[in-house]
Amino acid sequence: MTPDPLAEVERVFRAEHGRAVAGLTRVLGDLDRAEDAVAEAFTVAVATWPQRGVPPNPGGWVVTTARNRAVDRLRREAVGAAKLAEVARLQHEPEPVEEGVVRDDQLRLLFTCCHPALAPAARVALTLRLVAGLTTAEIARAALVPEATVAARITRAKHKIRTARIPWRVPAEADLPGRWASVLAVVHAVGTEAHSPAAGAEVSRDDLLEEAVRLARLLLELRPADPEATGLLALLLLTASRRPARVADGAPVPLDRQDRRSWSRPLVEEGQALVRDCLRWGRPGPYQLQAAIAAVHADAPTWAATDWSQVVALYDQLRVVAPSAVVELNRAVAIAELDGPSVGLALVDRLDLDRSPVLHAVRADLLRRLGRDDEACAAYDAALERTANAAEQADLRRRRAGLPGVS
Amino acid sequence: MAQYLLSVVTPGSGTGEHPVPTPEQLEPIMARVAALQSDMREAGVWVFSGGLEAPSTATVLRPADDGGLLTVDGPFAEGKEYLGGLTVIDVADLDAALDWAGRTVAAIGLPIEVRPFAW
């Protein structure tokens with residue numbers, strides 16, 4: 001079967017976006033020019049790939065085409081000798097081939113996007129846009145904020161990078177600790193978006209999760225044996241291990257109904273080994289605790305056989321070091337398994353998370369288990385209104401249709 | 001190289017919540033500021049610095065409706081904070097500016113706002 005050529009263009013550009021923007025920024029010395037050039041290459045690909053087919057080396061094609069577009073644009077704008085010299089230099093600069101140069105380019109892009117002088121929400125938006133290649137609409141749905149807000153955050157952040165001269169480099173060893181948490185948070189956000197893409201028909205976007213794993217490995221290479229970076233990589237690997245079981249017949253399968261025999265053993269084993277490293281170091285943090293929770297799930301042959309008291313104990317630690325409404329929601333789910341659905345529901349109803357489709361889906365399931373079918377039906381409707389993911393919508397409709405007396 | 005303004009964000013003393021520091025309190029601060037300034041000169045980044053008198057000593061001039069000039073006693077706006085002093089440095093990028101700003105915070109013990117000059 002030939003893949004849909006436009007979908008293939010999108011897939012390739014998402015996979016290559018970070019590498020292309022990072023490499024071109026080094027060559028052009030300007031983030032905006034690099035991003036514009038990659039966007040132009042995308043337009044060319046949309047116009048030509050459906051007829052001529054996908055080129056043999058799509059990644060190389062993106063970088064070369066984007067660079068040629070940048071050279072054309074510089075030439076058009078060239079009014080002085082300095083710009084013409086720049087054009088000549090760009091035409092003769094060799095493509096970087098060594099792994100080290102490519103890796104450093106991407107770390108530079110990541111650290112620039114995650115600079116502490118940018119607002120935290122802007123760091124995530126900028127990285128999802130530039131490194132992971134998401135559109136502003138997709139970022140908006142993931143962050144539960146209006147698209148105009150995301151667009152404004154990205155524009156403002158890029159303007160500040162340029163005018164305040166946020167440098168394009170990996171921080172010196174001495175400055176790394178102060179820069180570390182924000183970079184990890186952003187890589188985690190890339191992985192979260194990958195796990196549950198906010199829009200479109202796919203249940204899980206494999207290339208984004210791979211991107212997050214790749215970035216986490218890059219960071220761990222920079223600071224080996226860093227507990228939180230290790231925890232983050234473990235968390236992403238354990239999340240990725242469930243991928244084969246997350247979809248059945250095009251619909252998402254929640255954790256409680258997944259066929260755990262299809263979980264990827266190599267990814268589970270690598271993730272659990274990293275969690276054991278974290279336990280040995282004894283310096284727990286938010287990512288390590290989340291990874292430990294995922295490792296408890298990976299140990300259980302079924303949802304029912306899960307060690308819920310251990311899961312709840314880990315959430316109790318997590319809510320202290322990283323309090324958030326999402327942590328409270330997941331803790332409530334675990335407590336519902338340990339102490340019953342009415343205890344879980346009482347906790348869920350205290351949360352201020354009305355925009356989250358997950359909250360309403362969790363409420364619906366707990367209400368169904370309590371036999372409160374009319375309320376469960378209304379909660380499924382509330383969840384449906386709040387997700388743009390077609391596969392999640394189909395699953396919610398199926399669960400709603402399973403209620404007695406509902407057709 | 002790029003120039004940055006480091007502003008000392010000083011809490012207002014009008015409310016009495018933040019009394020003006022006594023000469024004894026001020027002396028070690030001024031010694032640290034002088035040492036930092038000489039480090040800046042040595043590094044070749046120092047352009048200008050100075051401390052300002054209280055906002056109550058300010059005078060504002062503004063265009064008047066009749067095309068003339070209006071002179072008013074006092075600062076432009078009464079705020080909870082005011083500009084207490086400033087330093088202009090000339091450095092490579094924001095990270096270098098933030099580095100010097102961090103050392104200024106350590107010397108003075110007050111927040112520092114870092115802003116790039118447009119021209």
# chains A, B, ... in the order shown; residues from 1 in each chain; ligands from 1

$ closest_atom_pairs --of "chain B" --to "chain A" --cutoff "12 Å" --atoms "only C-alpha atoms" --output "CSV"
residue,atom,partner,partner_atom,distance
B:Met1,CA,A:Arg165,CA,9.8
B:Ala2,CA,A:Arg165,CA,8.2
B:Gln3,CA,A:Ala164,CA,9.7
B:Tyr4,CA,A:Ala164,CA,8.6
B:Leu5,CA,A:Ala164,CA,11.2
B:Val91,CA,A:Arg165,CA,10.3
B:Ala92,CA,A:Arg165,CA,8.3
B:Asp93,CA,A:Arg165,CA,5.2
B:Leu94,CA,A:Ile166,CA,5.1
B:Asp95,CA,A:Ile166,CA,6.7
B:Ala96,CA,A:Pro167,CA,9.2
B:Ala97,CA,A:Ala164,CA,9.8
B:Leu98,CA,A:Ala117,CA,9.1
B:Asp99,CA,A:Asp175,CA,10.2
B:Glu113,CA,A:Ala117,CA,11.4
B:Val114,CA,A:Ala164,CA,9.2
B:Arg115,CA,A:Ala164,CA,7.3
B:Pro116,CA,A:Ala164,CA,5.4
B:Phe117,CA,A:Ala164,CA,8.5
B:Ala118,CA,A:Thr163,CA,7.9
B:Trp119,CA,A:Thr163,CA,11.0

$ residues_around --residues "A:Gly133" --least-positions-apart "2" --cutoff "8 Å" --atoms "only C-alpha atoms" --output "list in words"
Phe13, Arg14, Ala15, His17, Gly18, Leu128, Arg129, Leu130, Val131 and Thr135 of chain A

$ residues_around --residues "A:Ala332" --least-positions-apart "3" --cutoff "8 Å" --atoms "only C-alpha atoms" --output "PyMOL selection string"
chain A and resi 328-329+335-336+344-345+347-348

$ atom_distance --atom1 "atom CA of A:Leu220" --atom2 "atom CA of A:Leu184"
10.3 Å

$ residues_around --residues "A:Val253" --least-positions-apart "3" --cutoff "12 Å" --atoms "only C-alpha atoms" --output "number ranges by chain"
A: 196, 203-204, 242-250, 256-260, 391-392, 394-396, 398-399

$ residues_around --residues "stretch 21-38 of chain B" --least-positions-apart "4" --cutoff "7 Å" --atoms "only C-alpha atoms" --output "VMD selection string"
chain B and resid 42 107 to 108

$ residues_around --residues "A:Thr136" --least-positions-apart "5" --cutoff "12 Å" --atoms "only C-alpha atoms" --output "number ranges by chain"
A: 122, 124-130, 141-155, 198-199

$ write_last_selection --atoms "C-alpha atoms" --output "PDB file, in the first residue's frame"
ATOM      1  CA  ALA A 122       6.531  29.834  26.280  1.00  0.00           C
ATOM      2  CA  VAL A 124       7.173  24.398  26.148  1.00  0.00           C
ATOM      3  CA  ALA A 125       5.295  26.015  23.255  1.00  0.00           C
ATOM      4  CA  LEU A 126       8.517  27.033  21.517  1.00  0.00           C
ATOM      5  CA  THR A 127      10.079  23.562  21.829  1.00  0.00           C
ATOM      6  CA  LEU A 128       6.940  21.796  20.619  1.00  0.00           C
ATOM      7  CA  ARG A 129       6.894  24.198  17.674  1.00  0.00           C
ATOM      8  CA  LEU A 130      10.597  24.314  16.734  1.00  0.00           C
ATOM      9  CA  ARG A 141      -5.138  21.731  22.615  1.00  0.00           C
ATOM     10  CA  ALA A 142      -2.355  19.967  24.505  1.00  0.00           C
ATOM     11  CA  ALA A 143      -1.888  22.941  26.851  1.00  0.00           C
ATOM     12  CA  LEU A 144      -5.651  23.526  27.234  1.00  0.00           C
ATOM     13  CA  VAL A 145      -5.343  27.187  26.176  1.00  0.00           C
ATOM     14  CA  PRO A 146      -6.702  29.145  23.192  1.00  0.00           C
ATOM     15  CA  GLU A 147      -4.669  28.964  19.965  1.00  0.00           C
ATOM     16  CA  ALA A 148      -4.222  32.755  19.897  1.00  0.00           C
ATOM     17  CA  THR A 149      -2.534  32.538  23.309  1.00  0.00           C
ATOM     18  CA  VAL A 150      -0.033  29.955  22.044  1.00  0.00           C
ATOM     19  CA  ALA A 151       0.675  31.981  18.899  1.00  0.00           C
ATOM     20  CA  ALA A 152       1.272  35.100  21.020  1.00  0.00           C
ATOM     21  CA  ARG A 153       3.573  33.191  23.413  1.00  0.00           C
ATOM     22  CA  ILE A 154       5.693  31.876  20.539  1.00  0.00           C
ATOM     23  CA  THR A 155       5.901  35.247  18.785  1.00  0.00           C
ATOM     24  CA  ALA A 198      -4.658  16.607  21.258  1.00  0.00           C
ATOM     25  CA  ALA A 199      -6.034  16.602  17.735  1.00  0.00           C
TER      26      ALA A 199
END

$ atom_distance --atom1 "atom CA of B:Ser7" --atom2 "atom CA of B:Thr59"
19.9 Å

$ closest_residue --among "A:Ala22, A:Leu289, A:Ala251, A:Val12" --to "A:Pro58" --atoms "only C-alpha atoms"
A:Val12

$ select_by_dssp --residues "chain B" --states "strand (DSSP E)" --output "ChimeraX atom specification"
/B:2-11,46-51,59-63,69-73,81-91,112-116

$ select_by_dssp --residues "stretch 13-99 of chain B" --states "alpha helix (DSSP H)" --output "number ranges by chain"
B: 23-43, 94-99

$ write_last_selection --atoms "N, CA and C atoms" --output "compact mmCIF listing (two decimals), in the first residue's frame"
# COMPACT_ATOMS: atom_id res chain seq x y z
N PRO B 23 23.00 54.91 57.66
CA PRO B 23 24.37 54.94 57.11
C PRO B 23 25.14 53.67 57.46
N GLU B 24 24.88 53.10 58.66
CA GLU B 24 25.60 51.88 59.06
C GLU B 24 25.22 50.70 58.15
N GLN B 25 23.90 50.66 57.78
CA GLN B 25 23.46 49.58 56.89
C GLN B 25 23.99 49.80 55.47
N LEU B 26 24.05 51.08 55.09
CA LEU B 26 24.42 51.41 53.72
C LEU B 26 25.90 51.18 53.43
N GLU B 27 26.72 51.34 54.44
CA GLU B 27 28.17 51.31 54.20
C GLU B 27 28.68 50.02 53.57
N PRO B 28 28.33 48.83 54.15
CA PRO B 28 28.82 47.61 53.51
C PRO B 28 28.26 47.42 52.10
N ILE B 29 27.00 47.86 51.87
CA ILE B 29 26.41 47.74 50.53
C ILE B 29 27.23 48.56 49.54
N MET B 30 27.52 49.81 49.90
CA MET B 30 28.27 50.68 49.00
C MET B 30 29.66 50.13 48.72
N ALA B 31 30.26 49.47 49.74
CA ALA B 31 31.59 48.89 49.54
C ALA B 31 31.51 47.75 48.52
N ARG B 32 30.44 46.91 48.62
CA ARG B 32 30.29 45.81 47.66
C ARG B 32 30.02 46.34 46.26
N VAL B 33 29.18 47.42 46.18
CA VAL B 33 28.87 48.00 44.86
C VAL B 33 30.15 48.54 44.22
N ALA B 34 30.99 49.20 45.02
CA ALA B 34 32.25 49.76 44.48
C ALA B 34 33.16 48.64 43.97
N ALA B 35 33.22 47.53 44.74
CA ALA B 35 34.06 46.40 44.33
C ALA B 35 33.54 45.80 43.02
N LEU B 36 32.20 45.66 42.93
CA LEU B 36 31.61 45.09 41.72
C LEU B 36 31.88 45.99 40.52
N GLN B 37 31.76 47.32 40.76
CA GLN B 37 31.99 48.25 39.65
C GLN B 37 33.43 48.17 39.14
N SER B 38 34.36 47.97 40.07
CA SER B 38 35.75 47.89 39.60
C SER B 38 35.98 46.56 38.85
N ASP B 39 35.25 45.47 39.26
CA ASP B 39 35.30 44.22 38.49
C ASP B 39 34.76 44.43 37.08
N MET B 40 33.66 45.21 36.97
CA MET B 40 33.07 45.47 35.67
C MET B 40 34.03 46.25 34.78
N ARG B 41 34.70 47.23 35.38
CA ARG B 41 35.68 48.02 34.61
C ARG B 41 36.82 47.13 34.14
N GLU B 42 37.29 46.27 35.04
CA GLU B 42 38.40 45.39 34.71
C GLU B 42 38.03 44.44 33.56
N ALA B 43 36.77 43.96 33.59
CA ALA B 43 36.30 43.05 32.54
C ALA B 43 35.99 43.79 31.24
N LEU B 94 22.69 37.94 26.45
CA LEU B 94 21.86 38.02 27.65
C LEU B 94 22.46 37.21 28.81
N ASP B 95 23.05 36.05 28.51
CA ASP B 95 23.62 35.24 29.59
C ASP B 95 24.69 36.01 30.35
N ALA B 96 25.54 36.75 29.60
CA ALA B 96 26.58 37.54 30.25
C ALA B 96 25.94 38.66 31.09
N ALA B 97 24.88 39.29 30.54
CA ALA B 97 24.20 40.36 31.27
C ALA B 97 23.56 39.81 32.55
N LEU B 98 22.96 38.62 32.45
CA LEU B 98 22.30 38.01 33.62
C LEU B 98 23.34 37.66 34.69
N ASP B 99 24.53 37.27 34.24
CA ASP B 99 25.61 36.97 35.16
C ASP B 99 25.97 38.19 36.01

$ closest_residue --among "A:Gly371, A:Pro301, A:Gly231, A:Pro254" --to "A:Gln272" --atoms "only C-alpha atoms"
A:Gly231
